[in-house]
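File shown: work_1.csv (CSV, C-alpha atoms).
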chain,number,residue,atom,x,y,z
A,327,MET,CA,34.9,13.6,47.3
A,328,VAL,CA,31.1,14.1,47.0
A,329,LYS,CA,30.0,17.6,47.6
A,330,HIS,CA,27.4,18.3,50.4
A,331,SER,CA,25.0,19.9,48.0
A,332,GLU,CA,25.0,16.9,45.7
A,333,THR,CA,24.2,14.6,48.7
A,334,VAL,CA,21.3,16.8,49.7
A,335,ASP,CA,20.0,16.9,46.1
A,336,THR,CA,20.2,13.1,46.0
A,337,ARG,CA,18.3,12.7,49.3
A,338,THR,CA,15.7,15.2,48.2
A,339,ALA,CA,15.2,13.3,44.9
A,340,SER,CA,14.9,10.0,46.8
A,341,ALA,CA,12.3,11.5,49.2
A,342,TYR,CA,10.2,12.8,46.3
A,343,LEU,CA,10.4,9.4,44.6
A,344,GLU,CA,9.3,7.6,47.7
A,345,LYS,CA,6.4,10.0,48.0
A,346,LEU,CA,5.5,9.4,44.4
A,347,ILE,CA,5.6,5.6,44.8
A,348,GLY,CA,3.5,5.9,47.9
A,349,VAL,CA,0.8,8.0,46.1
A,350,ALA,CA,0.8,5.5,43.2
A,351,LEU,CA,0.3,2.6,45.5
A,352,ARG,CA,-2.4,4.3,47.5
A,353,TRP,CA,-4.3,5.2,44.3
A,354,ARG,CA,-3.3,2.1,42.3
A,355,ARG,CA,-6.9,1.1,41.4
A,356,TRP,CA,-7.6,4.6,40.0
A,357,ILE,CA,-4.3,4.6,38.1
A,358,VAL,CA,-5.0,1.2,36.6
A,359,ALA,CA,-8.5,2.4,35.7
A,360,ALA,CA,-7.0,5.5,34.1
A,361,TYR,CA,-4.6,3.3,32.0
A,362,VAL,CA,-7.5,1.2,30.9
A,363,LEU,CA,-9.5,4.2,29.8
A,364,LEU,CA,-6.5,5.6,28.0
A,365,ALA,CA,-6.1,2.3,26.1
A,366,LEU,CA,-9.8,2.3,25.2
A,367,ALA,CA,-9.6,6.0,24.0
A,368,MET,CA,-6.7,5.0,21.8
A,369,LEU,CA,-8.4,2.0,20.2
A,370,PRO,CA,-10.3,4.0,17.5
A,371,GLY,CA,-7.0,5.5,16.3
A,372,VAL,CA,-5.3,2.1,16.2
A,373,LEU,CA,-8.1,0.5,14.3
A,374,ALA,CA,-8.0,3.4,11.8
A,375,LEU,CA,-4.3,2.8,11.0
A,376,LYS,CA,-3.6,2.2,7.3
A,377,GLN,CA,-0.5,1.3,5.4
A,378,ASP,CA,0.8,4.2,3.3
A,379,ASN,CA,4.2,4.1,1.6
A,380,SER,CA,3.7,7.2,-0.5
A,381,PRO,CA,6.7,9.6,-0.4
A,382,GLU,CA,4.6,12.4,1.1
A,383,VAL,CA,4.4,10.4,4.3
A,384,PHE,CA,8.2,10.2,4.7
A,385,PHE,CA,9.2,13.6,3.5
A,386,VAL,CA,8.3,17.0,4.9
A,387,HIS,CA,6.0,19.0,2.6
A,388,ASP,CA,8.0,21.1,0.1
A,389,ALA,CA,11.2,19.5,1.3
A,390,GLU,CA,14.2,19.4,-1.1
A,391,ALA,CA,14.2,15.6,-0.8
A,392,LEU,CA,10.5,15.4,-1.9
A,393,GLN,CA,11.4,17.5,-5.0
A,394,LEU,CA,14.3,15.2,-5.7
A,395,TYR,CA,12.0,12.2,-5.5
A,396,ALA,CA,9.5,13.9,-7.9
A,397,ASP,CA,12.4,14.5,-10.4
A,398,PHE,CA,13.4,10.8,-10.0
A,399,GLU,CA,9.8,9.8,-10.8
A,400,PHE,CA,9.7,12.1,-13.9
A,401,GLU,CA,13.0,10.6,-15.2
A,402,PHE,CA,12.4,6.9,-14.5
A,403,GLY,CA,8.6,6.5,-14.3
A,404,ARG,CA,5.9,6.7,-11.7
A,405,ASP,CA,3.7,4.1,-10.0
A,406,ARG,CA,0.7,5.6,-11.7
A,407,THR,CA,0.6,3.4,-14.8
A,408,LEU,CA,-0.6,-0.1,-15.4
A,409,ARG,CA,-0.3,-2.5,-18.3
A,410,VAL,CA,-3.1,-4.8,-19.2
A,411,VAL,CA,-1.4,-7.7,-21.1
A,412,LEU,CA,-3.5,-9.6,-23.6
A,413,GLU,CA,-2.4,-12.9,-25.0
A,414,GLY,CA,-4.0,-15.8,-26.8
A,415,PRO,CA,-5.7,-16.6,-30.1
A,416,GLY,CA,-8.7,-14.5,-29.3
A,417,VAL,CA,-6.7,-11.2,-29.3
A,418,TRP,CA,-6.6,-11.0,-33.0
A,419,SER,CA,-10.3,-11.6,-33.7
A,420,THR,CA,-13.3,-9.4,-34.3
A,421,ASP,CA,-14.6,-10.0,-30.7
A,422,GLY,CA,-11.1,-9.4,-29.3
A,423,LEU,CA,-10.6,-6.1,-31.0
A,424,ALA,CA,-14.1,-5.0,-30.1
A,425,TRP,CA,-13.5,-5.8,-26.5
A,426,LEU,CA,-10.2,-3.9,-26.6
A,427,ALA,CA,-12.1,-0.8,-27.8
A,428,GLU,CA,-14.8,-1.2,-25.1
A,429,PHE,CA,-12.2,-1.5,-22.3
A,430,GLU,CA,-10.4,1.7,-23.5
A,431,ARG,CA,-13.8,3.6,-23.6
A,432,GLN,CA,-14.8,2.5,-20.2
A,433,ALA,CA,-11.5,3.0,-18.4
A,434,PRO,CA,-12.0,6.8,-17.6
A,435,GLY,CA,-15.2,5.8,-15.8
A,436,MET,CA,-13.3,3.6,-13.3
A,437,ARG,CA,-12.5,5.2,-10.0
A,438,GLY,CA,-8.9,6.5,-9.8
A,439,VAL,CA,-8.3,5.9,-13.6
A,440,VAL,CA,-7.4,8.8,-15.8
A,441,GLY,CA,-7.8,6.9,-19.0
A,442,ALA,CA,-6.3,4.2,-21.2
A,443,ALA,CA,-4.4,4.0,-24.5
A,444,SER,CA,-4.1,1.1,-26.9
A,445,LEU,CA,-4.1,0.1,-30.6
A,446,PHE,CA,-7.8,1.2,-30.7
A,447,GLY,CA,-7.0,4.8,-29.7
A,448,HIS,CA,-4.2,5.1,-32.2
A,449,HIS,CA,-6.0,3.6,-35.2
A,450,ALA,CA,-9.7,4.0,-34.6
A,451,PHE,CA,-9.9,7.2,-36.8
A,452,ARG,CA,-8.9,5.0,-39.8
A,453,PHE,CA,-11.8,2.6,-39.2
A,454,PRO,CA,-15.2,4.3,-38.7
A,455,ASP,CA,-16.7,0.9,-38.1
A,456,TRP,CA,-14.4,-0.7,-35.5
A,457,PRO,CA,-13.1,-3.4,-35.5
A,458,PRO,CA,-11.4,-3.7,-38.9
A,459,ASP,CA,-12.9,-6.2,-41.3
A,460,GLU,CA,-9.5,-7.6,-42.3
A,461,VAL,CA,-8.0,-8.5,-38.9
A,462,GLU,CA,-4.8,-10.1,-40.2
A,463,ALA,CA,-4.1,-7.2,-42.6
A,464,PHE,CA,-4.6,-4.8,-39.7
A,465,ARG,CA,-2.2,-6.9,-37.6
A,466,SER,CA,0.5,-6.7,-40.3
A,467,GLU,CA,0.0,-2.9,-40.5
A,468,VAL,CA,0.4,-2.5,-36.7
A,469,LEU,CA,3.6,-4.6,-36.7
A,470,GLU,CA,5.1,-2.2,-39.1
A,471,ASP,CA,4.1,0.9,-37.1
A,472,PRO,CA,7.1,2.0,-35.0
A,473,LEU,CA,4.9,4.0,-32.7
A,474,ASP,CA,2.8,1.0,-31.8
A,475,ARG,CA,5.9,-1.0,-31.0
A,476,ASN,CA,7.7,1.7,-29.1
A,477,ALA,CA,4.6,2.5,-27.1
A,478,GLY,CA,4.5,-1.1,-26.0
A,479,TRP,CA,1.0,-1.7,-27.4
A,480,ILE,CA,2.3,-4.7,-29.3
A,481,ASN,CA,5.4,-6.9,-29.1
A,482,ALA,CA,7.8,-7.7,-32.0
A,483,ASP,CA,5.8,-10.7,-33.3
A,484,GLY,CA,2.3,-9.5,-32.4
A,485,SER,CA,1.6,-12.3,-30.0
A,486,VAL,CA,1.1,-9.8,-27.1
A,487,VAL,CA,-1.1,-6.7,-27.1
A,488,THR,CA,-1.1,-4.3,-24.1
A,489,ILE,CA,-3.3,-1.5,-22.9
A,490,LEU,CA,-1.7,1.4,-21.0
A,491,VAL,CA,-3.8,2.5,-18.1
A,492,ALA,CA,-3.0,5.8,-16.4
A,493,LEU,CA,-3.9,6.4,-12.7
A,494,TYR,CA,-4.3,9.5,-10.7
A,495,ARG,CA,-1.9,10.0,-7.7
A,496,LEU,CA,-3.7,7.7,-5.3
A,497,SER,CA,-3.3,6.5,-1.7
A,498,PRO,CA,-2.5,2.8,-1.3
A,499,GLU,CA,-6.2,2.1,-0.5
A,500,GLN,CA,-7.4,4.0,-3.5
A,501,GLN,CA,-4.8,2.4,-5.7
A,502,GLY,CA,-6.1,-1.0,-4.5
A,503,THR,CA,-9.7,0.0,-5.5
A,504,ALA,CA,-8.5,1.0,-9.0
A,505,LEU,CA,-6.7,-2.3,-9.4
A,506,HIS,CA,-9.8,-4.2,-8.3
A,507,GLN,CA,-11.9,-2.3,-10.9
A,508,VAL,CA,-9.5,-3.0,-13.7
A,509,ARG,CA,-9.4,-6.7,-12.8
A,510,GLN,CA,-13.1,-6.8,-12.7
A,511,ALA,CA,-13.3,-5.4,-16.2
A,512,LEU,CA,-10.8,-8.0,-17.4
A,513,GLU,CA,-13.2,-10.8,-16.3
A,514,GLY,CA,-15.4,-9.8,-19.3
A,515,ALA,CA,-12.6,-10.6,-21.8
A,516,PRO,CA,-13.8,-12.9,-24.7
A,517,VAL,CA,-12.9,-16.5,-24.8
A,518,GLY,CA,-9.4,-17.0,-26.1
A,519,ILE,CA,-7.9,-14.0,-24.4
A,520,ASN,CA,-5.7,-14.3,-21.3
A,521,ALA,CA,-5.7,-10.9,-19.6
A,522,THR,CA,-3.4,-9.9,-16.8
A,523,VAL,CA,-2.4,-6.7,-15.1
A,524,VAL,CA,1.3,-5.7,-14.5
A,525,GLY,CA,3.1,-2.6,-13.4
A,526,LEU,CA,4.5,-0.9,-10.2
A,527,PRO,CA,1.0,-0.6,-8.5
A,528,VAL,CA,0.8,-4.4,-8.8
A,529,VAL,CA,4.3,-4.8,-7.2
A,530,ASN,CA,3.3,-2.3,-4.4
A,531,GLU,CA,0.2,-4.3,-3.7
A,532,ALA,CA,2.1,-7.5,-3.6
A,533,MET,CA,4.7,-6.0,-1.2
A,534,ASP,CA,2.0,-4.6,1.1
A,535,GLN,CA,0.2,-7.9,1.2
A,536,ALA,CA,3.5,-9.7,2.0
A,537,LEU,CA,4.1,-7.3,4.9
A,538,LYS,CA,0.6,-7.9,6.2
A,539,ASP,CA,1.0,-11.7,5.9
A,540,MET,CA,4.3,-11.4,7.8
A,541,VAL,CA,2.8,-9.4,10.6
A,542,ARG,CA,-0.1,-11.9,10.9
A,543,THR,CA,2.3,-14.7,11.1
A,544,PHE,CA,5.2,-13.4,13.3
A,545,PHE,CA,3.3,-11.1,15.7
A,546,PRO,CA,1.4,-13.9,17.4
A,547,LEU,CA,4.6,-16.0,17.5
A,548,LEU,CA,6.4,-13.1,19.1
A,549,LEU,CA,3.6,-12.7,21.7
A,550,VAL,CA,3.7,-16.4,22.6
A,551,LEU,CA,7.5,-16.4,23.0
A,552,ALA,CA,7.4,-13.2,25.1
A,553,THR,CA,4.7,-14.7,27.3
A,554,LEU,CA,6.6,-18.0,27.8
A,555,LEU,CA,9.9,-16.1,28.6
A,556,LEU,CA,8.1,-13.9,31.1
A,557,LEU,CA,6.4,-16.9,32.7
A,558,ALA,CA,9.7,-18.8,33.0
A,559,THR,CA,11.3,-15.7,34.6
A,560,LEU,CA,8.5,-14.5,36.9
A,561,ARG,CA,6.7,-17.8,37.5
A,562,ASP,CA,3.5,-15.9,38.2
A,563,TRP,CA,0.7,-15.4,35.7
A,564,ALA,CA,-0.6,-12.3,37.4
A,565,GLN,CA,2.8,-10.5,37.0
A,566,VAL,CA,3.1,-11.7,33.4
A,567,LEU,CA,-0.4,-10.3,32.5
A,568,ALA,CA,0.4,-7.1,34.3
A,569,LEU,CA,3.6,-6.6,32.3
A,570,LEU,CA,1.9,-7.5,29.0
A,571,GLY,CA,-0.9,-5.1,29.8
A,572,PHE,CA,1.6,-2.3,30.5
A,573,VAL,CA,3.4,-2.9,27.2
A,574,THR,CA,0.0,-3.0,25.4
A,575,VAL,CA,-1.0,0.4,26.8
A,576,CYS,CA,2.5,1.8,26.0
A,577,LEU,CA,2.1,0.7,22.4
A,578,LEU,CA,-1.6,1.7,22.0
A,579,THR,CA,-0.9,5.3,23.1
A,580,PRO,CA,1.5,6.5,20.4
A,581,LEU,CA,-0.2,4.3,17.7
A,582,GLY,CA,-3.6,5.6,18.7
A,583,LEU,CA,-2.4,9.3,18.7
Conversion result in structure tokens:
Amino acid sequence: MVKHSETVDTRTASAYLEKLIGVALRWRRWIVAAYVLLALAMLPGVLALKQDNSPEVFFVHDAEALQLYADFEFEFGRDRTLRVVLEGPGVWSTDGLAWLAEFERQAPGMRGVVGAASLFGHHAFRFPDWPPDEVEAFRSEVLEDPLDRNAGWINADGSVVTILVALYRLSPEQQGTALHQVRQALEGAPVGINATVVGLPVVNEAMDQALKDMVRTFFPLLLVLATLLLLATLRDWAQVLALLGFVTVCLLTPLGL
């Protein structure tokens, strides 16, 4: 059996709801205008949105999980290093070794780059006039140096030489700028050298780009399908546009904030 007090409360709630609907209908133009102004106020925030997958975004500052992630990075490596991979007959030439030294010297001047390390930094003290005169003899010495091999500056047969580039902790946007500068510097490599960049920042960039491409492809398709479904259900363009506008405002508000 429904209690009398519950029945009264239900009627009171219904009366308030009817009054609220009446007020909304009476002032509907002003309410729509307020929604439009709210959406416009949120647009700058939406346009300023950027993609950021750094752990600080997902973890509370000084949280135990953030420290655990930092320990994981320390143990297994960070996304703050790049490898410039050099291949081709021009690597082991006077011009190639001179360019290697020039890149390592210029790296600290690039935005977001701490510095670089390569065969030049390890052996330059032995050759006051870099590059070495006897290139092939230098190559043989390097191949026998365990530090050069273990640091990854040269592979087992000497066909590949790499430069380790260290980055500061950067936002995705800043990391993209650093990558762009490194790639620009590689465009000046001498003939006979094929230079590419590898590393976790490159993987992050590719994943971010893939996500952006997916959004550009599937969001318009989703909008078209939603519009067609609403039109098939309501059979009235005015109602379809009203619903789409309402959903747009509801999305813009939290994203803009």
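Of the residues listed (A:Gly371, A:Gly478, A:Pro458, A:Pro546), A:Gly371 shows the shortest atom-to-atom separation from Gly582 of chain A; distances use all atoms listed in the file.
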* **Distance of atom CA of Lys538 of chain A from atom CA of Thr503 of chain A, expressed in Å to one decimal place** =>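 Separating atom CA of Thr503 of chain A from atom CA of Lys538 of chain A is a distance of 17.5 Å.
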* Could you give me, as a list in words, the residues within 10 Å of Arg404 of chain A, counting all atoms listed in the file and dropping anything in the same chain fewer than 2 positions from it? =>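 So, after excluding close chain neighbours, the residues are Ala396, Phe398, Glu399, Phe400, Glu401, Phe402, Arg406, Thr407, Leu493, Arg495, Gly525, Leu526 and Pro527 of chain A.
Computed from the coordinates, the atom CA of Gln510 of chain A to atom CA of Ser497 of chain A distance equals 19.8 Å.
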* Please provide as a list in words all residues within 12 Å of segment 449-451 of chain A, with the sequence filter that same-chain residues fewer than 6 positions apart are discarded (counting all atoms listed in the file). =>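 Returned residues: Leu423, Ala424, Leu426, Ala427, Glu428, Glu430, Arg431, Ala443, Pro457, Pro458, Phe464, Arg465, Glu467, Val468, Asp471, Leu473, Asp474 and Trp479 of chain A.
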* To do: Kindly indicate which residue among A:Val486, A:Asp388, A:Trp418, A:Leu496 lies nearest to Asp459 of chain A, using only C-alpha atoms for the distances.
  =>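 Among A:Val486, A:Asp388, A:Trp418, A:Leu496, it is A:Trp418 that comes nearest to Asp459 of chain A.
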* Structure fact -> Pairwise distance, atom CA of Gly435 of chain A with atom CA of Val529 of chain A, equals 23.8 Å
* Residue nearest Leu581 of chain A - candidates A:Tyr361, A:Lys376, A:Trp356, A:Thr338, atoms counted: only C-alpha atoms ->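 Of A:Tyr361, A:Lys376, A:Trp356, A:Thr338, the one nearest Leu581 of chain A is A:Lys376, counting only C-alpha atoms.
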* Asked: Which is closer to Arg409 of chain A than all the others in A:Ala492, A:Leu567, A:Leu369, A:Ala482, using all atoms listed in the file?
  -> A:Ala492
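Comparing the minimum interatomic distances between Gly414 of chain A and each of A:Arg355, A:Ala350, A:Val487, A:Ile480, counting only C-alpha atoms, we find that A:Val487 sits nearest.
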* **Residue among A:Leu445, A:Val528, A:Val410, A:Leu570 lying closest to Leu512 of chain A, counting all atoms listed in the file** => A:Val410
